[in-house]
$ cat structure38.cif   # mmCIF, C-alpha atoms
data_upload
#
loop_
_atom_site.label_atom_id
_atom_site.label_comp_id
_atom_site.auth_asym_id
_atom_site.auth_seq_id
_atom_site.Cartn_x
_atom_site.Cartn_y
_atom_site.Cartn_z
CA MET A 137 -57.96 111.78 -4.89
CA GLN A 138 -58.11 108.02 -5.14
CA LYS A 139 -54.94 106.27 -4.01
CA TYR A 140 -53.68 103.18 -5.81
CA SER A 141 -50.70 100.97 -5.03
CA LEU A 142 -47.53 101.73 -6.97
CA THR A 143 -45.70 98.57 -5.98
CA LYS A 144 -46.19 96.89 -9.37
CA GLN A 145 -45.22 99.82 -11.53
CA ALA A 146 -42.56 99.50 -14.20
CA LYS A 147 -39.32 101.13 -13.03
CA GLU A 148 -37.80 101.60 -16.47
CA TRP A 149 -38.92 101.61 -20.08
CA PRO A 150 -37.43 98.99 -22.43
CA VAL A 151 -34.71 100.10 -24.83
CA TYR A 152 -35.19 99.76 -28.61
CA LYS A 153 -32.34 99.63 -31.10
CA ASP A 154 -33.65 102.37 -33.41
CA LEU A 155 -36.57 104.65 -34.30
CA GLU A 156 -38.15 102.09 -36.62
CA SER A 157 -38.24 99.43 -33.88
CA ILE A 158 -39.89 101.70 -31.34
CA ALA A 159 -42.35 103.02 -33.94
CA LYS A 160 -43.41 99.46 -34.80
CA ARG A 161 -43.97 98.75 -31.11
CA ARG A 162 -46.06 101.91 -30.73
CA SER A 163 -48.17 101.04 -33.76
CA ARG A 164 -49.36 97.74 -32.29
CA ALA A 165 -52.99 97.46 -31.23
CA SER A 166 -53.81 98.46 -27.66
CA VAL A 167 -56.98 98.69 -25.57
CA VAL A 168 -56.74 102.49 -25.56
CA SER A 169 -55.65 103.48 -29.05
CA GLY A 170 -56.25 100.45 -31.25
CA ILE A 171 -53.94 99.99 -34.24
CA LEU A 172 -51.91 103.11 -35.05
CA PRO A 173 -50.55 103.44 -38.62
CA LEU A 174 -46.76 103.25 -38.72
CA ASP A 175 -46.34 106.75 -40.20
CA CYS A 176 -48.38 108.23 -37.35
CA ALA A 177 -46.45 106.19 -34.81
CA GLU A 178 -43.20 107.58 -36.21
CA LEU A 179 -44.42 111.14 -35.60
CA LEU A 180 -45.21 110.31 -31.97
CA VAL A 181 -41.96 108.51 -31.21
CA LYS A 182 -39.77 111.21 -32.78
CA ARG A 183 -40.89 113.66 -30.11
CA GLY A 184 -41.37 111.14 -27.31
CA THR A 185 -38.05 109.28 -27.20
CA LYS A 186 -34.53 109.93 -26.01
CA PRO A 187 -31.13 108.26 -26.46
CA ALA A 188 -30.36 105.43 -24.07
CA LYS A 189 -27.64 102.85 -23.68
CA GLY A 190 -28.15 100.48 -26.60
CA GLY A 191 -30.65 102.61 -28.54
CA LEU A 192 -33.76 104.66 -27.73
CA THR A 193 -36.31 104.72 -24.94
CA TRP A 194 -39.39 106.75 -23.99
CA THR A 195 -39.06 110.16 -22.35
CA ALA A 196 -42.27 109.78 -20.33
CA ASP A 197 -42.34 108.66 -16.71
CA PRO A 198 -43.05 104.88 -16.60
CA LYS A 199 -45.55 105.48 -13.80
CA ILE A 200 -48.07 106.75 -16.36
CA LEU A 201 -48.93 103.12 -17.13
CA ALA A 202 -49.08 101.98 -13.53
CA PRO A 203 -52.00 102.21 -11.07
CA ARG A 204 -51.62 105.68 -9.61
CA PHE A 205 -53.27 108.64 -8.00
CA ARG A 206 -56.40 109.48 -9.98
CA LEU A 207 -59.02 112.17 -9.72
CA SER A 208 -62.15 111.01 -7.96
CA GLU A 209 -65.42 111.00 -9.86
CA ASP A 210 -66.64 114.01 -7.84
CA VAL A 211 -63.55 116.03 -8.77
CA GLN A 212 -63.93 115.12 -12.44
CA LYS A 213 -67.58 116.17 -12.42
CA ASN A 214 -66.72 119.47 -10.75
CA LEU A 215 -64.15 120.14 -13.46
CA ILE A 216 -66.77 119.47 -16.14
CA ARG A 217 -69.26 121.79 -14.43
CA GLY A 218 -66.63 124.51 -14.52
CA ILE A 219 -66.26 124.49 -18.32
CA LYS A 220 -67.88 127.70 -19.58
CA CYS A 221 -66.45 128.00 -23.09
CA PRO A 222 -67.87 126.28 -26.20
CA HIS A 223 -66.45 122.78 -26.49
CA ALA A 224 -66.76 119.74 -28.73
CA VAL A 225 -65.68 116.12 -28.74
CA VAL A 226 -64.91 113.98 -31.79
CA VAL A 227 -66.02 110.36 -31.34
CA VAL A 228 -65.24 107.54 -33.74
CA LYS A 229 -66.97 104.18 -34.12
CA ASN A 230 -63.68 102.34 -33.83
CA GLY A 231 -62.24 104.70 -31.23
CA LEU A 232 -61.77 104.41 -27.47
CA PHE A 233 -65.49 104.23 -26.71
CA GLY A 234 -66.57 102.50 -29.90
CA ALA A 235 -67.12 99.16 -28.16
CA GLY A 236 -69.70 100.81 -25.94
CA ALA A 237 -71.77 102.26 -28.78
CA LEU A 238 -74.42 99.49 -28.46
CA GLY A 239 -75.25 99.91 -32.15
CA LEU A 240 -76.44 103.49 -31.55
CA PRO A 241 -74.96 106.95 -32.24
CA LEU A 242 -72.38 107.29 -29.47
CA PHE A 243 -73.35 109.87 -26.81
CA GLY A 244 -76.74 110.41 -28.47
CA ARG A 245 -80.08 110.48 -26.65
CA LEU A 246 -81.04 106.87 -27.46
CA TRP A 247 -77.57 105.71 -26.48
CA ARG A 248 -77.91 107.40 -23.09
CA VAL A 249 -81.27 105.74 -22.46
CA ALA A 250 -79.86 102.34 -23.48
CA VAL A 251 -76.88 102.77 -21.15
CA ILE A 252 -79.08 103.75 -18.19
CA LEU A 253 -81.33 100.72 -18.73
CA GLY A 254 -78.38 98.40 -19.33
CA CYS A 255 -76.64 99.64 -16.21
CA ALA A 256 -79.75 99.14 -14.08
CA ILE A 257 -80.32 95.58 -15.32
CA SER A 258 -76.66 94.48 -15.16
CA THR A 259 -76.23 96.04 -11.71
CA LEU A 260 -79.28 94.18 -10.40
CA TRP A 261 -78.00 90.89 -11.80
CA HIS A 262 -74.51 91.54 -10.41
CA SER A 263 -75.95 92.26 -6.97
CA ILE A 264 -77.91 89.01 -7.00
CA VAL A 265 -74.97 86.88 -8.14
CA THR A 266 -72.33 88.51 -5.89
CA LEU A 267 -74.59 89.28 -2.91
CA GLY A 268 -74.16 93.00 -3.29
CA ALA A 269 -70.44 93.28 -4.05
CA PRO A 270 -69.44 96.75 -5.35
CA ILE A 271 -68.88 97.26 -9.07
CA GLN A 272 -65.67 98.88 -10.27
CA PRO A 273 -66.13 100.59 -13.65
CA GLU A 274 -63.86 99.01 -16.26
CA VAL A 275 -63.59 98.86 -20.06
CA GLY A 276 -60.73 96.41 -20.56
CA PRO A 277 -61.05 93.02 -22.27
CA LYS A 278 -61.52 91.27 -18.90
CA ALA A 279 -64.28 93.61 -17.70
CA THR A 280 -67.66 92.09 -16.88
CA LEU A 281 -70.88 93.36 -18.45
CA ALA A 282 -71.79 95.13 -15.21
CA GLN A 283 -68.38 96.85 -15.09
CA ARG A 284 -68.69 98.01 -18.70
CA PHE A 285 -72.16 99.45 -18.16
CA LYS A 286 -71.00 101.10 -14.93
CA PHE A 287 -68.24 102.84 -16.88
CA LEU A 288 -70.66 103.92 -19.62
CA PHE A 289 -73.12 105.18 -17.00
CA LEU A 290 -70.40 107.43 -15.56
CA LEU A 291 -69.93 108.84 -19.07
CA VAL A 292 -73.66 109.55 -19.26
CA GLN A 293 -73.53 111.41 -15.95
CA ARG A 294 -70.63 113.50 -17.17
CA LEU A 295 -72.43 114.28 -20.44
CA PHE A 296 -75.41 115.66 -18.51
CA LEU A 297 -73.02 118.07 -16.79
CA ALA A 298 -71.26 119.16 -19.99
CA ARG A 299 -73.55 122.04 -20.94
CA GLY A 300 -73.23 123.09 -24.55
CA LEU A 301 -71.10 120.12 -25.56
CA GLU A 302 -71.13 119.41 -29.30
CA VAL A 303 -70.62 115.78 -30.34
CA ILE A 304 -68.94 115.31 -33.72
CA ARG A 305 -69.15 111.74 -35.03
CA LEU A 306 -66.96 109.98 -37.56
CA ASP A 307 -67.18 106.42 -38.87
CA SER A 308 -63.51 105.50 -38.67
CA GLY A 309 -60.08 106.76 -37.76
CA GLY A 310 -59.41 105.22 -34.37
CA HIS A 311 -58.32 106.96 -31.18
CA HIS A 312 -55.80 109.10 -33.07
CA VAL A 313 -58.30 110.22 -35.70
CA HIS A 314 -56.77 113.71 -35.74
CA MET A 315 -53.62 112.06 -37.14
CA THR A 316 -55.09 109.29 -39.25
CA LYS A 317 -57.82 111.35 -40.93
CA PRO A 318 -57.12 115.05 -40.33
CA GLU A 319 -59.07 116.22 -43.39
CA GLU A 320 -62.22 114.45 -42.22
CA VAL A 321 -61.86 115.92 -38.75
CA ILE A 322 -61.52 119.42 -40.19
CA THR A 323 -64.52 118.94 -42.48
CA ALA A 324 -66.70 117.58 -39.68
CA ALA A 325 -65.65 120.24 -37.16
CA THR A 326 -65.89 123.27 -39.48
CA PRO A 327 -69.69 123.80 -39.13
CA TRP A 328 -69.36 123.82 -35.32
CA LEU A 329 -66.42 126.22 -35.47
CA GLU A 330 -68.35 128.55 -37.78
CA ARG A 331 -71.43 128.53 -35.52
CA THR A 332 -69.27 129.16 -32.47
CA ASN A 333 -67.43 132.05 -34.08
CA ALA A 334 -70.70 133.58 -35.34
CA ALA A 335 -72.24 133.37 -31.87
CA ARG A 336 -69.16 134.99 -30.32
CA ALA A 337 -69.21 137.79 -32.89
CA ALA A 338 -72.92 138.41 -32.31
CA SER A 339 -72.43 138.61 -28.53
CA ASN A 340 -69.69 141.22 -29.00
CA ASP A 341 -71.90 143.51 -31.12
#

$ encode --input "structure38.cif" --output "structure tokens"
Amino acid sequence: MQKYSLTKQAKEWPVYKDLESIAKRRSRASVVSGILPLDCAELLVKRGTKPAKGGLTWTADPKILAPRFRLSEDVQKNLIRGIKCPHAVVVVKNGLFGAGALGLPLFGRLWRVAVILGCAISTLWHSIVTLGAPIQPEVGPKATLAQRFKFLFLLVQRLFLARGLEVIRLDSGGHHVHMTKPEEVITAATPWLERTNAARAASND
């Protein structure tokens, strides 16, 4: 486990006067989820809020947004190696990893090659400029090019370990594509589900 300081964590969530106010706050753009339509935000906040003095507040522990204990890269890779069942991931151009697509099909073969080359070049330049300072993988708006490529390179490493992973790509829908465009997700995932079920049935014969 990697240990991070908790001294700057938020101790309490803010209180909102009503469901509409908290839904509007949740629908604002963020680094992780982008802009969430208000109707989708309302679904999330209905099950994720509780009464508080003066209105409503979140039910989640505020520490989820603070630096915290996180799984090390080795532990994450071991978890991926342990996945034996068929599995798929839906990626969207304007989703969480959309900014790292590099103009290529996200998680595709050409994308992986581009990330490896980009990481090598940016790491070399970073080492020259900083005299060998370590690179922390980051994807936030303040991340350097070397940090972004380092993060993408870790994704490439994980993809190599994810045996049998199916990548399902959509053009739009954001991080919450299963809520914003459920019909498109179902349509795109159906062929994979049918192949998976057929393979399972054949293995049982």

$ resolve_selection --input "structure38.cif" --expression "the PyMOL selection byres ((chain A and resi 217-226) around 12)" --output "ChimeraX atom specification"
/A:210-216,227-234,242-243,293-314,317-318,320-333,335-336

$ atom_distance --input "structure38.cif" --atom1 "atom CA of A:Gly244" --atom2 "atom CA of A:Leu291"
11.7 Å

$ resolve_selection --input "structure38.cif" --expression "the PyMOL selection byres ((chain A and resi 185) around 12)" --output "PyMOL selection string"
chain A and resi 149-159+162+177-184+186-188+191-197

$ atom_distance --input "structure38.cif" --atom1 "atom CA of A:Pro273" --atom2 "atom CA of A:Phe287"
4.5 Å

$ resolve_selection --input "structure38.cif" --expression "the PyMOL selection byres ((chain A and resi 256) around 12)" --output "number ranges by chain"
A: 249-255, 257-263, 281-283, 285-286, 288-289

$ residues_around --input "structure38.cif" --residues "A:Trp247" --least-positions-apart "6" --cutoff "8 Å" --atoms "all atoms listed in the file" --output "PyMOL selection string"
chain A and resi 237-238+240-241

$ atom_distance --input "structure38.cif" --atom1 "atom CA of A:Gly239" --atom2 "atom CA of A:Glu274"
19.6 Å

$ build_atoms --input "structure38.cif" --residues "stretch 296-309 of chain A" --atoms "N, CA, C and O atoms" --output "short mmCIF file (atom, residue, chain, number, x, y, z; two decimals), keeping the file's coordinate frame"
data_model
loop_
_atom_site.label_atom_id
_atom_site.label_comp_id
_atom_site.auth_asym_id
_atom_site.auth_seq_id
_atom_site.Cartn_x
_atom_site.Cartn_y
_atom_site.Cartn_z
N PHE A 296 -74.33 114.81 -19.01
CA PHE A 296 -75.41 115.66 -18.51
C PHE A 296 -74.85 116.96 -17.92
O PHE A 296 -75.53 117.99 -17.91
N LEU A 297 -73.63 116.90 -17.41
CA LEU A 297 -73.02 118.07 -16.79
C LEU A 297 -72.33 118.97 -17.81
O LEU A 297 -72.06 120.13 -17.52
N ALA A 298 -72.01 118.42 -18.97
CA ALA A 298 -71.26 119.16 -19.99
C ALA A 298 -72.22 120.03 -20.81
O ALA A 298 -72.62 119.66 -21.92
N ARG A 299 -72.58 121.16 -20.28
CA ARG A 299 -73.55 122.04 -20.94
C ARG A 299 -72.95 122.63 -22.21
O ARG A 299 -71.84 123.16 -22.21
N GLY A 300 -73.68 122.51 -23.29
CA GLY A 300 -73.23 123.09 -24.55
C GLY A 300 -72.23 122.24 -25.30
O GLY A 300 -71.64 122.70 -26.29
N LEU A 301 -72.05 120.99 -24.87
CA LEU A 301 -71.10 120.12 -25.56
C LEU A 301 -71.63 119.72 -26.93
O LEU A 301 -72.77 119.30 -27.07
N GLU A 302 -70.80 119.85 -27.95
CA GLU A 302 -71.13 119.41 -29.30
C GLU A 302 -70.44 118.08 -29.56
O GLU A 302 -69.23 117.94 -29.33
N VAL A 303 -71.19 117.09 -30.02
CA VAL A 303 -70.62 115.78 -30.34
C VAL A 303 -70.46 115.67 -31.84
O VAL A 303 -71.45 115.78 -32.59
N ILE A 304 -69.25 115.46 -32.30
CA ILE A 304 -68.94 115.31 -33.72
C ILE A 304 -68.59 113.85 -33.96
O ILE A 304 -67.65 113.33 -33.34
N ARG A 305 -69.33 113.18 -34.83
CA ARG A 305 -69.15 111.74 -35.03
C ARG A 305 -68.52 111.43 -36.38
O ARG A 305 -68.89 112.02 -37.40
N LEU A 306 -67.58 110.48 -36.34
CA LEU A 306 -66.96 109.98 -37.56
C LEU A 306 -67.04 108.46 -37.57
O LEU A 306 -67.10 107.82 -36.51
N ASP A 307 -67.03 107.87 -38.76
CA ASP A 307 -67.18 106.42 -38.87
C ASP A 307 -65.90 105.66 -38.56
O ASP A 307 -65.95 104.53 -38.06
N SER A 308 -64.76 106.23 -38.86
CA SER A 308 -63.51 105.50 -38.67
C SER A 308 -62.38 106.49 -38.42
O SER A 308 -62.53 107.69 -38.61
N GLY A 309 -61.25 105.93 -38.02
CA GLY A 309 -60.08 106.76 -37.76
C GLY A 309 -59.36 106.39 -36.49
O GLY A 309 -58.22 106.78 -36.28
#
